[in-house]
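Before any comments, here is the structure.
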Amino acid sequence: MSKRKDLLQGTLDLLVLRVLETGPRHGYAIARRIEQISEDVLKVQQGSIYPSLHRLEDKALIESEWLVEDGKRPVKVYTLSKEGKAYLQAETESWQTFSAAVNTVLKNA
């Protein structure tokens, strides 16, 4: 399982950007969506999701704002920036090329 965790940490930023492409979400909702889509194969802990969000925000790939609803505590909501959309497209293409090459080696070695 630790190997899966290492792989997730290496790709978490890309997964976060992909989830945010579908619309604004708070950190917990992003983590749960990744788990849901992966059918619970990828587990995202708070100790991983929030550093990822801070990294992406520092790089201006995402933006955030505080959402305050009556009677509820404020929630920080993240959205994909214009730069983030371009980065996501480039990184997705790069990841697909890389993963196809790895799959080819695994099948044919």
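Letters for chains follow the order of the structure tokens (A, B, ...), residue numbers begin at 1 for each chain, and ligand numbers begin at 1 in the order shown.
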Just list as number ranges by chain whatever in chain A DSSP marks as alpha helix (DSSP H).
A: 2-21, 27-37, 46-58, 82-108
Rows by chain and residue number, region 15-36 of chain A within 10 Å of region 50-53 of chain A, shortest pair, only C-alpha atoms, as a Markdown table:
```
| residue | atom | partner | partner_atom | distance |
| --- | --- | --- | --- | --- |
| A:Val16 | CA | A:Leu53 | CA | 7.8 |
| A:Leu17 | CA | A:Leu53 | CA | 9.3 |
| A:His26 | CA | A:Leu53 | CA | 9.8 |
| A:Gly27 | CA | A:Tyr50 | CA | 6.7 |
| A:Tyr28 | CA | A:Tyr50 | CA | 9.0 |
| A:Ile30 | CA | A:Leu53 | CA | 9.9 |
| A:Ala31 | CA | A:Tyr50 | CA | 9.5 |
```
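Among the candidates A:Leu14, A:Ala29, A:Val44, A:Ala109, the one nearest to Lys76 (chain A) when counting only C-alpha atoms is A:Ala29.
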Separation of CA of Glu63 (chain A) from CA of Ser99 (chain A), in Å and rounded to one decimal:
28.7 Å
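Nearest to Lys85 (chain A) of all the residues A:Leu106, A:Val19, A:Leu42, A:Leu67 is A:Val19, based on only C-alpha atoms.
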Give me, as a tab-separated table (two decimals) with N, CA and C atoms, in the first residue's frame, all polymer residues having an atom no more than 8 Å from Leu20 (chain A), counting only C-alpha atoms and skipping those fewer than 2 positions away in the same chain.
```tsv
chain	number	residue	atom	x	y	z
A	16	VAL	N	-6.19	16.82	-8.39
A	16	VAL	CA	-6.92	17.95	-7.81
A	16	VAL	C	-7.37	18.90	-8.91
A	17	LEU	N	-6.47	19.22	-9.82
A	17	LEU	CA	-6.83	20.12	-10.92
A	17	LEU	C	-7.95	19.53	-11.76
A	18	ARG	N	-7.88	18.24	-12.02
A	18	ARG	CA	-8.92	17.59	-12.82
A	18	ARG	C	-10.28	17.65	-12.14
A	22	THR	N	-14.29	20.43	-13.04
A	22	THR	CA	-15.74	20.22	-13.07
A	22	THR	C	-16.50	21.26	-12.26
A	23	GLY	N	-15.78	22.09	-11.50
A	23	GLY	CA	-16.44	23.14	-10.73
A	23	GLY	C	-15.79	23.35	-9.38
A	24	PRO	N	-16.15	24.45	-8.72
A	24	PRO	CA	-15.56	24.80	-7.42
A	24	PRO	C	-15.89	23.76	-6.35
A	25	ARG	N	-14.93	23.52	-5.46
A	25	ARG	CA	-15.12	22.60	-4.33
A	25	ARG	C	-14.21	23.01	-3.19
A	30	ILE	N	-12.98	17.74	-2.55
A	30	ILE	CA	-12.03	17.35	-3.58
A	30	ILE	C	-11.47	15.96	-3.26
A	78	TYR	N	-12.21	26.31	-3.69
A	78	TYR	CA	-11.16	26.44	-4.70
A	78	TYR	C	-11.74	26.31	-6.10
A	79	THR	N	-11.18	27.09	-7.03
A	79	THR	CA	-11.57	27.02	-8.43
A	79	THR	C	-10.31	26.96	-9.29
A	80	LEU	N	-10.45	26.39	-10.45
A	80	LEU	CA	-9.36	26.30	-11.41
A	80	LEU	C	-9.17	27.65	-12.09
```
Expressed in Å, the length from CA of Ser81 (chain A) to CA of Val68 (chain A) is 21.2 Å
When DSSP is applied to the backbone of this structure, which of chain A are assigned strand (DSSP E)? Write them out as a ChimeraX atom specification.
/A:25-26,62-67,75-80
Those residues you just picked out, can you put them in a file as a PDB file, in the first residue's frame with N, CA and C atoms?
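Result file out04.pdb:
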```pdb
ATOM      1  N   ARG A  25     -14.931  23.524  -5.457  1.00  0.00           N
ATOM      2  CA  ARG A  25     -15.121  22.603  -4.333  1.00  0.00           C
ATOM      3  C   ARG A  25     -14.211  23.009  -3.189  1.00  0.00           C
ATOM      4  N   HIS A  26     -14.566  22.586  -1.994  1.00  0.00           N
ATOM      5  CA  HIS A  26     -13.678  22.766  -0.844  1.00  0.00           C
ATOM      6  C   HIS A  26     -12.777  21.540  -0.735  1.00  0.00           C
ATOM      7  N   ILE A  62      -4.739  27.561  -9.156  1.00  0.00           N
ATOM      8  CA  ILE A  62      -6.088  27.605  -8.597  1.00  0.00           C
ATOM      9  C   ILE A  62      -6.258  28.906  -7.829  1.00  0.00           C
ATOM     10  N   GLU A  63      -7.508  29.250  -7.604  1.00  0.00           N
ATOM     11  CA  GLU A  63      -7.838  30.434  -6.811  1.00  0.00           C
ATOM     12  C   GLU A  63      -8.781  29.983  -5.706  1.00  0.00           C
ATOM     13  N   SER A  64      -8.861  30.784  -4.648  1.00  0.00           N
ATOM     14  CA  SER A  64      -9.752  30.410  -3.555  1.00  0.00           C
ATOM     15  C   SER A  64     -10.507  31.634  -3.046  1.00  0.00           C
ATOM     16  N   GLU A  65     -11.633  31.331  -2.419  1.00  0.00           N
ATOM     17  CA  GLU A  65     -12.406  32.369  -1.751  1.00  0.00           C
ATOM     18  C   GLU A  65     -13.152  31.723  -0.599  1.00  0.00           C
ATOM     19  N   TRP A  66     -13.454  32.529   0.392  1.00  0.00           N
ATOM     20  CA  TRP A  66     -14.206  32.043   1.534  1.00  0.00           C
ATOM     21  C   TRP A  66     -15.687  32.167   1.244  1.00  0.00           C
ATOM     22  N   LEU A  67     -16.395  31.064   1.429  1.00  0.00           N
ATOM     23  CA  LEU A  67     -17.837  31.032   1.236  1.00  0.00           C
ATOM     24  C   LEU A  67     -18.481  31.015   2.620  1.00  0.00           C
ATOM     25  N   VAL A  75     -16.211  28.345   4.670  1.00  0.00           N
ATOM     26  CA  VAL A  75     -15.532  27.248   3.970  1.00  0.00           C
ATOM     27  C   VAL A  75     -14.714  27.864   2.836  1.00  0.00           C
ATOM     28  N   LYS A  76     -13.470  27.442   2.727  1.00  0.00           N
ATOM     29  CA  LYS A  76     -12.616  27.914   1.642  1.00  0.00           C
ATOM     30  C   LYS A  76     -12.888  27.052   0.414  1.00  0.00           C
ATOM     31  N   VAL A  77     -13.302  27.708  -0.672  1.00  0.00           N
ATOM     32  CA  VAL A  77     -13.663  27.012  -1.908  1.00  0.00           C
ATOM     33  C   VAL A  77     -12.616  27.337  -2.972  1.00  0.00           C
ATOM     34  N   TYR A  78     -12.206  26.312  -3.691  1.00  0.00           N
ATOM     35  CA  TYR A  78     -11.157  26.442  -4.702  1.00  0.00           C
ATOM     36  C   TYR A  78     -11.740  26.313  -6.100  1.00  0.00           C
ATOM     37  N   THR A  79     -11.181  27.091  -7.030  1.00  0.00           N
ATOM     38  CA  THR A  79     -11.570  27.021  -8.430  1.00  0.00           C
ATOM     39  C   THR A  79     -10.310  26.962  -9.292  1.00  0.00           C
ATOM     40  N   LEU A  80     -10.455  26.394 -10.451  1.00  0.00           N
ATOM     41  CA  LEU A  80      -9.360  26.303 -11.406  1.00  0.00           C
ATOM     42  C   LEU A  80      -9.169  27.651 -12.093  1.00  0.00           C
TER      43      LEU A  80
END
```
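When CA of Leu56 (chain A) is paired with CA of Leu88 (chain A), their separation reads 11.2 Å.
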